[in-house]
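Here's start.tsv, which has TSV, C-alpha atoms:
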chain	number	residue	atom	x	y	z
A	1	MET	CA	-127.81	7.42	-44.50
A	2	ASN	CA	-130.57	5.18	-45.81
A	3	GLU	CA	-128.11	3.29	-48.03
A	4	LEU	CA	-125.81	2.71	-45.06
A	5	PHE	CA	-128.68	1.15	-43.12
A	6	TYR	CA	-129.47	-1.19	-46.04
A	7	LEU	CA	-125.78	-2.06	-46.45
A	8	ILE	CA	-125.64	-3.13	-42.80
A	9	ILE	CA	-128.88	-5.16	-42.98
A	10	GLU	CA	-128.08	-6.88	-46.28
A	11	PHE	CA	-124.50	-7.77	-45.40
A	12	PHE	CA	-125.50	-8.99	-41.94
A	13	LYS	CA	-128.06	-11.30	-43.61
A	14	THR	CA	-125.41	-12.39	-46.12
A	15	GLY	CA	-122.94	-13.16	-43.34
A	16	LEU	CA	-125.59	-15.06	-41.41
A	17	PHE	CA	-126.85	-17.24	-44.27
A	18	ALA	CA	-123.94	-17.53	-46.76
A	19	VAL	CA	-122.66	-20.84	-45.44
A	20	GLY	CA	-119.68	-22.23	-47.32
A	21	GLY	CA	-117.23	-19.41	-47.88
A	22	GLY	CA	-116.75	-16.54	-50.29
A	23	LEU	CA	-118.46	-18.05	-53.31
A	24	ALA	CA	-121.57	-18.66	-51.23
A	25	THR	CA	-121.93	-14.88	-50.89
A	26	VAL	CA	-122.31	-14.43	-54.66
A	27	PRO	CA	-126.04	-15.30	-54.90
A	28	PHE	CA	-126.73	-12.86	-52.07
A	29	LEU	CA	-124.73	-10.15	-53.83
A	30	TYR	CA	-126.57	-10.87	-57.05
A	31	GLU	CA	-129.86	-10.34	-55.21
A	32	ILE	CA	-128.56	-7.16	-53.53
A	33	GLY	CA	-127.51	-5.76	-56.91
A	34	GLU	CA	-130.92	-6.45	-58.41
A	35	LYS	CA	-132.88	-5.26	-55.37
A	36	TYR	CA	-131.10	-1.92	-54.88
A	37	GLY	CA	-129.59	-1.34	-58.32
A	38	TRP	CA	-126.17	-0.76	-56.75
A	39	PHE	CA	-124.36	-2.86	-59.36
A	40	THR	CA	-124.98	-5.03	-62.43
A	41	ILE	CA	-124.02	-8.65	-63.07
A	42	ASP	CA	-121.07	-7.36	-65.10
A	43	THR	CA	-119.92	-5.27	-62.14
A	44	LEU	CA	-120.42	-8.30	-59.89
A	45	SER	CA	-118.18	-10.34	-62.20
A	46	MET	CA	-115.51	-7.66	-61.94
A	47	MET	CA	-115.88	-7.57	-58.15
A	48	ILE	CA	-115.38	-11.32	-57.99
A	49	ALA	CA	-112.26	-11.09	-60.14
A	50	VAL	CA	-110.82	-8.30	-57.98
A	51	SER	CA	-111.81	-10.05	-54.74
A	52	GLU	CA	-110.26	-13.34	-55.86
A	53	SER	CA	-107.01	-11.68	-56.88
A	54	THR	CA	-106.50	-9.56	-53.76
A	55	PRO	CA	-105.36	-10.82	-50.35
A	56	GLY	CA	-108.01	-11.82	-47.86
A	57	PRO	CA	-111.27	-13.76	-47.87
A	58	MET	CA	-113.30	-13.24	-51.03
A	59	GLY	CA	-116.61	-12.50	-49.27
A	60	VAL	CA	-115.00	-9.89	-47.04
A	61	ASN	CA	-113.24	-8.29	-50.01
A	62	MET	CA	-116.52	-8.11	-51.90
A	63	ALA	CA	-118.38	-6.59	-48.93
A	64	THR	CA	-115.64	-3.99	-48.57
A	65	TYR	CA	-115.76	-3.24	-52.30
A	66	VAL	CA	-119.54	-2.81	-52.40
A	67	GLY	CA	-119.61	-0.81	-49.17
A	68	TYR	CA	-116.93	1.56	-50.42
A	69	ASP	CA	-118.64	1.96	-53.78
A	70	ILE	CA	-121.97	2.79	-52.14
A	71	ALA	CA	-120.94	4.87	-49.11
A	72	GLY	CA	-117.17	5.41	-49.10
A	73	ILE	CA	-114.94	4.44	-46.18
A	74	VAL	CA	-117.86	4.33	-43.73
A	75	GLY	CA	-119.77	2.04	-46.11
A	76	ALA	CA	-116.74	-0.23	-46.53
A	77	LEU	CA	-116.38	-0.58	-42.76
A	78	ALA	CA	-120.12	-1.04	-42.22
A	79	ALA	CA	-120.51	-3.72	-44.92
A	80	THR	CA	-117.37	-5.59	-43.86
A	81	LEU	CA	-118.21	-5.59	-40.15
A	82	SER	CA	-121.82	-6.53	-40.89
A	83	LEU	CA	-120.68	-9.48	-42.99
A	84	VAL	CA	-118.32	-10.89	-40.36
A	85	ALA	CA	-120.44	-10.11	-37.26
A	86	PRO	CA	-122.75	-13.14	-37.64
A	87	SER	CA	-119.77	-15.49	-37.92
A	88	ILE	CA	-118.18	-14.05	-34.81
A	89	ILE	CA	-121.45	-14.37	-32.88
A	90	VAL	CA	-122.20	-17.92	-34.08
A	91	ILE	CA	-118.63	-19.17	-33.58
A	92	SER	CA	-118.55	-17.70	-30.07
A	93	ILE	CA	-121.77	-19.52	-29.20
A	94	ILE	CA	-120.67	-22.77	-30.84
A	95	ALA	CA	-117.27	-22.69	-29.11
A	96	VAL	CA	-118.97	-22.85	-25.74
A	97	TYR	CA	-121.00	-25.93	-26.65
A	98	LEU	CA	-118.88	-27.60	-29.36
A	99	GLN	CA	-117.24	-30.28	-27.25
A	100	ARG	CA	-120.59	-31.33	-25.87
A	101	PHE	CA	-122.47	-31.40	-29.20
A	102	LYS	CA	-119.98	-32.19	-31.97
A	103	LYS	CA	-120.65	-35.92	-31.80
A	104	ALA	CA	-124.43	-35.51	-31.59
A	105	LYS	CA	-126.27	-37.11	-34.50
A	106	ILE	CA	-128.49	-34.04	-34.94
A	107	VAL	CA	-125.47	-31.72	-35.32
A	108	GLN	CA	-123.91	-34.05	-37.89
A	109	ALA	CA	-127.26	-34.24	-39.72
A	110	ILE	CA	-127.51	-30.43	-39.80
A	111	PHE	CA	-124.06	-30.09	-41.34
A	112	ASN	CA	-124.78	-32.87	-43.83
A	113	GLY	CA	-127.99	-31.07	-44.79
A	114	LEU	CA	-126.15	-27.77	-45.27
A	115	LYS	CA	-123.61	-29.21	-47.72
A	116	PRO	CA	-126.03	-29.60	-50.68
A	117	ALA	CA	-127.40	-26.10	-50.02
A	118	VAL	CA	-123.89	-24.65	-50.24
A	119	VAL	CA	-123.28	-26.49	-53.50
A	120	ALA	CA	-126.61	-25.17	-54.86
A	121	PHE	CA	-125.67	-21.58	-53.92
A	122	ILE	CA	-122.30	-21.89	-55.60
A	123	ALA	CA	-123.83	-23.56	-58.70
A	124	SER	CA	-126.38	-20.76	-58.99
A	125	ALA	CA	-123.65	-18.14	-58.79
A	126	THR	CA	-121.52	-20.05	-61.29
A	127	ILE	CA	-124.34	-20.19	-63.85
A	128	SER	CA	-124.97	-16.44	-63.50
A	129	LEU	CA	-121.27	-15.70	-63.91
A	130	PHE	CA	-121.03	-18.12	-66.83
A	131	MET	CA	-123.78	-16.21	-68.63
A	132	SER	CA	-122.22	-12.80	-67.95
A	133	VAL	CA	-118.71	-13.81	-69.02
A	134	PHE	CA	-119.33	-16.11	-71.99
A	135	PHE	CA	-122.36	-14.42	-73.56
A	136	THR	CA	-122.67	-10.78	-74.60
A	137	GLU	CA	-126.45	-10.85	-74.04
A	138	GLN	CA	-128.53	-12.82	-71.54
A	139	SER	CA	-129.24	-15.44	-74.20
A	140	PHE	CA	-127.68	-18.76	-75.16
A	141	ALA	CA	-127.96	-17.79	-78.85
A	142	PHE	CA	-124.89	-18.63	-80.92
A	143	GLU	CA	-124.35	-15.05	-82.13
A	144	PHE	CA	-123.98	-13.76	-78.56
A	145	ILE	CA	-121.12	-16.08	-77.59
A	146	ASN	CA	-117.98	-14.29	-76.38
A	147	TRP	CA	-115.42	-16.52	-78.09
A	148	LYS	CA	-112.38	-14.69	-76.70
A	149	SER	CA	-113.52	-15.34	-73.13
A	150	ILE	CA	-114.23	-19.01	-73.88
A	151	ALA	CA	-110.80	-19.42	-75.49
A	152	LEU	CA	-109.07	-17.76	-72.54
A	153	PHE	CA	-111.04	-19.88	-70.07
A	154	CYS	CA	-110.11	-23.11	-71.91
A	155	PHE	CA	-106.46	-22.10	-72.14
A	156	LEU	CA	-106.21	-21.22	-68.43
A	157	TYR	CA	-108.17	-24.30	-67.43
A	158	PHE	CA	-105.86	-26.65	-69.32
A	159	VAL	CA	-102.75	-24.83	-68.08
A	160	SER	CA	-104.00	-25.22	-64.50
A	161	LEU	CA	-104.66	-28.94	-65.09
A	162	LYS	CA	-101.26	-29.55	-66.68
A	163	TYR	CA	-99.29	-27.52	-64.12
A	164	LYS	CA	-101.08	-28.30	-60.87
A	165	ASN	CA	-98.39	-26.65	-58.73
A	166	LEU	CA	-98.60	-23.38	-60.66
A	167	HIS	CA	-99.50	-20.57	-58.30
A	168	PRO	CA	-102.87	-18.89	-59.06
A	169	ILE	CA	-101.14	-15.51	-59.23
A	170	ILE	CA	-99.27	-16.71	-62.33
A	171	LEU	CA	-102.60	-17.56	-63.99
A	172	ILE	CA	-104.00	-14.17	-63.01
A	173	ILE	CA	-100.95	-12.41	-64.49
A	174	ILE	CA	-101.24	-14.48	-67.68
A	175	SER	CA	-104.94	-13.59	-68.01
A	176	LEU	CA	-104.19	-9.90	-67.38
A	177	MET	CA	-101.52	-9.89	-70.08
A	178	ILE	CA	-103.76	-11.71	-72.56
A	179	GLY	CA	-106.61	-9.32	-71.75
A	180	ILE	CA	-104.37	-6.34	-72.47
A	181	ILE	CA	-102.82	-7.82	-75.61
A	182	PHE	CA	-106.08	-9.00	-77.18
A	183	ARG	CA	-108.24	-6.15	-75.79
A	184	PHE	CA	-110.89	-8.21	-74.02
Show the structure stored in the file as structure tokens.
Amino acid sequence: MNELFYLIIEFFKTGLFAVGGGLATVPFLYEIGEKYGWFTIDTLSMMIAVSESTPGPMGVNMATYVGYDIAGIVGALAATLSLVAPSIIVISIIAVYLQRFKKAKIVQAIFNGLKPAVVAFIASATISLFMSVFFTEQSFAFEFINWKSIALFCFLYFVSLKYKNLHPIILIIISLMIGIIFRF
């Protein structure tokens, strides 16, 4: 029961402060994993991969995943509802006043101030993921480089640049097949 309480509190805070979409939830999840020991950075990387490749918003998928892992179906529902509740509350309040305030300089300044914070959150999460995927230890030492992951990343990156209209599912299927064939 204690874990359920913490799931609700942590995911409500995440939903309230993770401005900028699913990737903005990653630093919060990283902190939750470290604070409660519910998952490691490697598990977080896997959750991101699963959440990105399944239908629905990434942040919601990750909340559902963590909640289920920690407290089953009840945990999945609690974490998911806690994550989306702040958005529903804030959007409901904003909808009432939006027409009146959307042209206000202070509102525009607030949103302009939030943009760099969102980029910083996403950059922080990206660096953590970079370390967990491309290095076998938490060190930039040459001997800990995961060359297979770097090669796969480069291949998929260049394929996505060359074939801009290629659906992401195709890239996911390609990476799954390469992972199976080369035993990543």
Go through A:Thr80, A:Ser45, A:Gln108, A:Ser51 one by one, measure the shortest atom-to-atom distance of each to Thr64 in chain A using all atoms listed in the file, and give the residue with the smallest value.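 The answer is A:Thr80, which sits nearest to Thr64 in chain A.
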Using all atoms of range 76-82 of chain A that appear in the file, construct an axis-aligned enclosing box with 3 Å of padding on every side and provide its centre coordinates and edge lengths in Å, rounded to one decimal, as lines of an AutoDock Vina configuration file.
center_x = -119.1
center_y = -3.4
center_z = -43.3
size_x = 11.4
size_y = 12.3
size_z = 12.4
Give me the residues within 9 Å of Gly67 in chain A as a ChimeraX atom specification, counting only C-alpha atoms and dropping any in the same chain fewer than 2 places off. /A:4,7,62-65,69-80
I need the residue nearest Val118 in chain A from this list: A:Thr136, A:Asn61, A:Thr25, A:Gln99. Use all atoms listed in the file for the distance. A:Thr25
Taking (-116.8, -16.1, -62.9) as a centre in this file's frame and 12 Å as the limit, can you find every polymer residue with an atom that close, using only C-alpha atoms, and give them as a PDB file with C-alpha atoms, keeping the file's coordinate frame?
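Wrote it out as part-v8.pdb, contents follow:
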ATOM      1  CA  LEU A  23    -118.460 -18.050 -53.310  1.00  0.00           C
ATOM      2  CA  VAL A  26    -122.310 -14.430 -54.660  1.00  0.00           C
ATOM      3  CA  ILE A  41    -124.020  -8.650 -63.070  1.00  0.00           C
ATOM      4  CA  ASP A  42    -121.070  -7.360 -65.100  1.00  0.00           C
ATOM      5  CA  THR A  43    -119.920  -5.270 -62.140  1.00  0.00           C
ATOM      6  CA  LEU A  44    -120.420  -8.300 -59.890  1.00  0.00           C
ATOM      7  CA  SER A  45    -118.180 -10.340 -62.200  1.00  0.00           C
ATOM      8  CA  MET A  46    -115.510  -7.660 -61.940  1.00  0.00           C
ATOM      9  CA  MET A  47    -115.880  -7.570 -58.150  1.00  0.00           C
ATOM     10  CA  ILE A  48    -115.380 -11.320 -57.990  1.00  0.00           C
ATOM     11  CA  ALA A  49    -112.260 -11.090 -60.140  1.00  0.00           C
ATOM     12  CA  VAL A  50    -110.820  -8.300 -57.980  1.00  0.00           C
ATOM     13  CA  SER A  51    -111.810 -10.050 -54.740  1.00  0.00           C
ATOM     14  CA  GLU A  52    -110.260 -13.340 -55.860  1.00  0.00           C
ATOM     15  CA  ILE A 122    -122.300 -21.890 -55.600  1.00  0.00           C
ATOM     16  CA  ALA A 123    -123.830 -23.560 -58.700  1.00  0.00           C
ATOM     17  CA  SER A 124    -126.380 -20.760 -58.990  1.00  0.00           C
ATOM     18  CA  ALA A 125    -123.650 -18.140 -58.790  1.00  0.00           C
ATOM     19  CA  THR A 126    -121.520 -20.050 -61.290  1.00  0.00           C
ATOM     20  CA  ILE A 127    -124.340 -20.190 -63.850  1.00  0.00           C
ATOM     21  CA  SER A 128    -124.970 -16.440 -63.500  1.00  0.00           C
ATOM     22  CA  LEU A 129    -121.270 -15.700 -63.910  1.00  0.00           C
ATOM     23  CA  PHE A 130    -121.030 -18.120 -66.830  1.00  0.00           C
ATOM     24  CA  MET A 131    -123.780 -16.210 -68.630  1.00  0.00           C
ATOM     25  CA  SER A 132    -122.220 -12.800 -67.950  1.00  0.00           C
ATOM     26  CA  VAL A 133    -118.710 -13.810 -69.020  1.00  0.00           C
ATOM     27  CA  PHE A 134    -119.330 -16.110 -71.990  1.00  0.00           C
ATOM     28  CA  SER A 149    -113.520 -15.340 -73.130  1.00  0.00           C
ATOM     29  CA  ILE A 150    -114.230 -19.010 -73.880  1.00  0.00           C
ATOM     30  CA  PHE A 153    -111.040 -19.880 -70.070  1.00  0.00           C
TER      31      PHE A 153
END
For CA of Ile180 in chain A and CA of Phe142 in chain A, the interatomic separation in Å (one decimal):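 For CA of Ile180 in chain A relative to CA of Phe142 in chain A, the distance reads 25.4 Å.
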Within 12 Å of (-120.0, -22.2, -44.4) (file coordinates; all atoms listed in the file), which protein or nucleic acid residues are there? I'd like them as a count of residues only. 28
Got a sec: who's within 12 Å of Ile178 in chain A, counting only C-alpha atoms, leaving out chain neighbours fewer than 4 positions off, as a VMD selection string? chain A and resid 148 to 149 151 to 153 155 to 156 171 to 174 182 to 184
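Take CA of Gly33 in chain A and CA of Ala85 in chain A: the distance between them is 21.3 Å.
Across the structure, CA of Asn146 in chain A and CA of Glu31 in chain A are spaced 24.6 Å apart.
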Counting only C-alpha atoms, figure out which residue out of A:Ile32, A:Cys154, A:Ala120, A:Val60 gets nearest to Leu81 in chain A.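 Among A:Ile32, A:Cys154, A:Ala120, A:Val60, it is A:Val60 that comes nearest to Leu81 in chain A.
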Copy range 29-64 of chain A out of the block into a file, keeping N, CA and C atoms, as a tab-separated table (two decimals), in the first residue's frame.
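Once everything was written out, this is out-v6.tsv:
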chain	number	residue	atom	x	y	z
A	29	LEU	N	11.43	10.14	-14.26
A	29	LEU	CA	11.48	8.69	-14.07
A	29	LEU	C	12.86	8.24	-13.61
A	30	TYR	N	13.88	8.87	-14.14
A	30	TYR	CA	15.24	8.56	-13.71
A	30	TYR	C	15.38	8.80	-12.21
A	31	GLU	N	14.85	9.94	-11.75
A	31	GLU	CA	14.90	10.28	-10.33
A	31	GLU	C	14.07	9.29	-9.50
A	32	ILE	N	12.89	8.92	-10.00
A	32	ILE	CA	12.04	7.96	-9.29
A	32	ILE	C	12.76	6.62	-9.14
A	33	GLY	N	13.41	6.17	-10.22
A	33	GLY	CA	14.14	4.91	-10.17
A	33	GLY	C	15.25	4.94	-9.15
A	34	GLU	N	15.98	6.05	-9.10
A	34	GLU	CA	17.07	6.17	-8.12
A	34	GLU	C	16.55	6.30	-6.70
A	35	LYS	N	15.48	7.06	-6.53
A	35	LYS	CA	14.95	7.35	-5.19
A	35	LYS	C	14.35	6.10	-4.53
A	36	TYR	N	13.59	5.32	-5.31
A	36	TYR	CA	12.88	4.18	-4.74
A	36	TYR	C	13.49	2.83	-5.10
A	37	GLY	N	14.44	2.83	-6.04
A	37	GLY	CA	15.06	1.58	-6.45
A	37	GLY	C	14.12	0.67	-7.23
A	38	TRP	N	13.08	1.25	-7.83
A	38	TRP	CA	12.10	0.45	-8.55
A	38	TRP	C	12.63	-0.07	-9.89
A	39	PHE	N	13.56	0.67	-10.49
A	39	PHE	CA	14.15	0.23	-11.75
A	39	PHE	C	15.50	0.91	-11.95
A	40	THR	N	16.31	0.33	-12.82
A	40	THR	CA	17.65	0.86	-13.12
A	40	THR	C	17.59	1.69	-14.40
A	41	ILE	N	18.70	2.32	-14.74
A	41	ILE	CA	18.77	3.09	-15.99
A	41	ILE	C	18.61	2.16	-17.19
A	42	ASP	N	19.11	0.93	-17.08
A	42	ASP	CA	18.92	-0.03	-18.17
A	42	ASP	C	17.45	-0.38	-18.35
A	43	THR	N	16.76	-0.57	-17.23
A	43	THR	CA	15.32	-0.85	-17.29
A	43	THR	C	14.58	0.36	-17.85
A	44	LEU	N	15.00	1.56	-17.47
A	44	LEU	CA	14.40	2.79	-17.98
A	44	LEU	C	14.58	2.86	-19.50
A	45	SER	N	15.75	2.50	-19.99
A	45	SER	CA	15.99	2.49	-21.44
A	45	SER	C	15.04	1.53	-22.13
A	46	MET	N	14.84	0.37	-21.53
A	46	MET	CA	13.92	-0.61	-22.11
A	46	MET	C	12.48	-0.07	-22.08
A	47	MET	N	12.11	0.58	-20.97
A	47	MET	CA	10.77	1.15	-20.88
A	47	MET	C	10.54	2.20	-21.96
A	48	ILE	N	11.55	3.00	-22.22
A	48	ILE	CA	11.42	4.03	-23.25
A	48	ILE	C	11.24	3.37	-24.61
A	49	ALA	N	12.02	2.33	-24.89
A	49	ALA	CA	11.90	1.63	-26.17
A	49	ALA	C	10.51	1.03	-26.33
A	50	VAL	N	10.01	0.38	-25.28
A	50	VAL	CA	8.67	-0.22	-25.34
A	50	VAL	C	7.61	0.88	-25.47
A	51	SER	N	7.75	1.94	-24.70
A	51	SER	CA	6.77	3.03	-24.72
A	51	SER	C	6.73	3.76	-26.06
A	52	GLU	N	7.89	3.90	-26.68
A	52	GLU	CA	7.96	4.55	-28.00
A	52	GLU	C	7.36	3.67	-29.10
A	53	SER	N	7.45	2.35	-28.92
A	53	SER	CA	7.02	1.46	-29.99
A	53	SER	C	5.59	0.93	-29.81
A	54	THR	N	4.91	1.35	-28.75
A	54	THR	CA	3.53	0.95	-28.55
A	54	THR	C	2.61	2.15	-28.75
A	55	PRO	N	1.36	1.90	-29.11
A	55	PRO	CA	0.44	3.01	-29.35
A	55	PRO	C	0.20	3.84	-28.09
A	56	GLY	N	-0.01	5.11	-28.28
A	56	GLY	CA	-0.32	5.99	-27.16
A	56	GLY	C	0.83	6.90	-26.80
A	57	PRO	N	0.55	7.89	-25.97
A	57	PRO	CA	1.59	8.84	-25.55
A	57	PRO	C	2.67	8.14	-24.72
A	58	MET	N	3.90	8.48	-25.00
A	58	MET	CA	5.04	7.83	-24.36
A	58	MET	C	5.00	7.96	-22.83
A	59	GLY	N	4.75	9.15	-22.32
A	59	GLY	CA	4.72	9.35	-20.87
A	59	GLY	C	3.66	8.50	-20.20
A	60	VAL	N	2.50	8.41	-20.81
A	60	VAL	CA	1.41	7.61	-20.26
A	60	VAL	C	1.79	6.13	-20.30
A	61	ASN	N	2.37	5.69	-21.41
A	61	ASN	CA	2.80	4.30	-21.52
A	61	ASN	C	3.83	3.95	-20.44
A	62	MET	N	4.75	4.88	-20.20
A	62	MET	CA	5.78	4.62	-19.20
A	62	MET	C	5.18	4.59	-17.78
A	63	ALA	N	4.25	5.48	-17.50
A	63	ALA	CA	3.59	5.47	-16.19
A	63	ALA	C	2.85	4.15	-15.98
A	64	THR	N	2.16	3.71	-17.01
A	64	THR	CA	1.42	2.45	-16.93
A	64	THR	C	2.38	1.29	-16.70
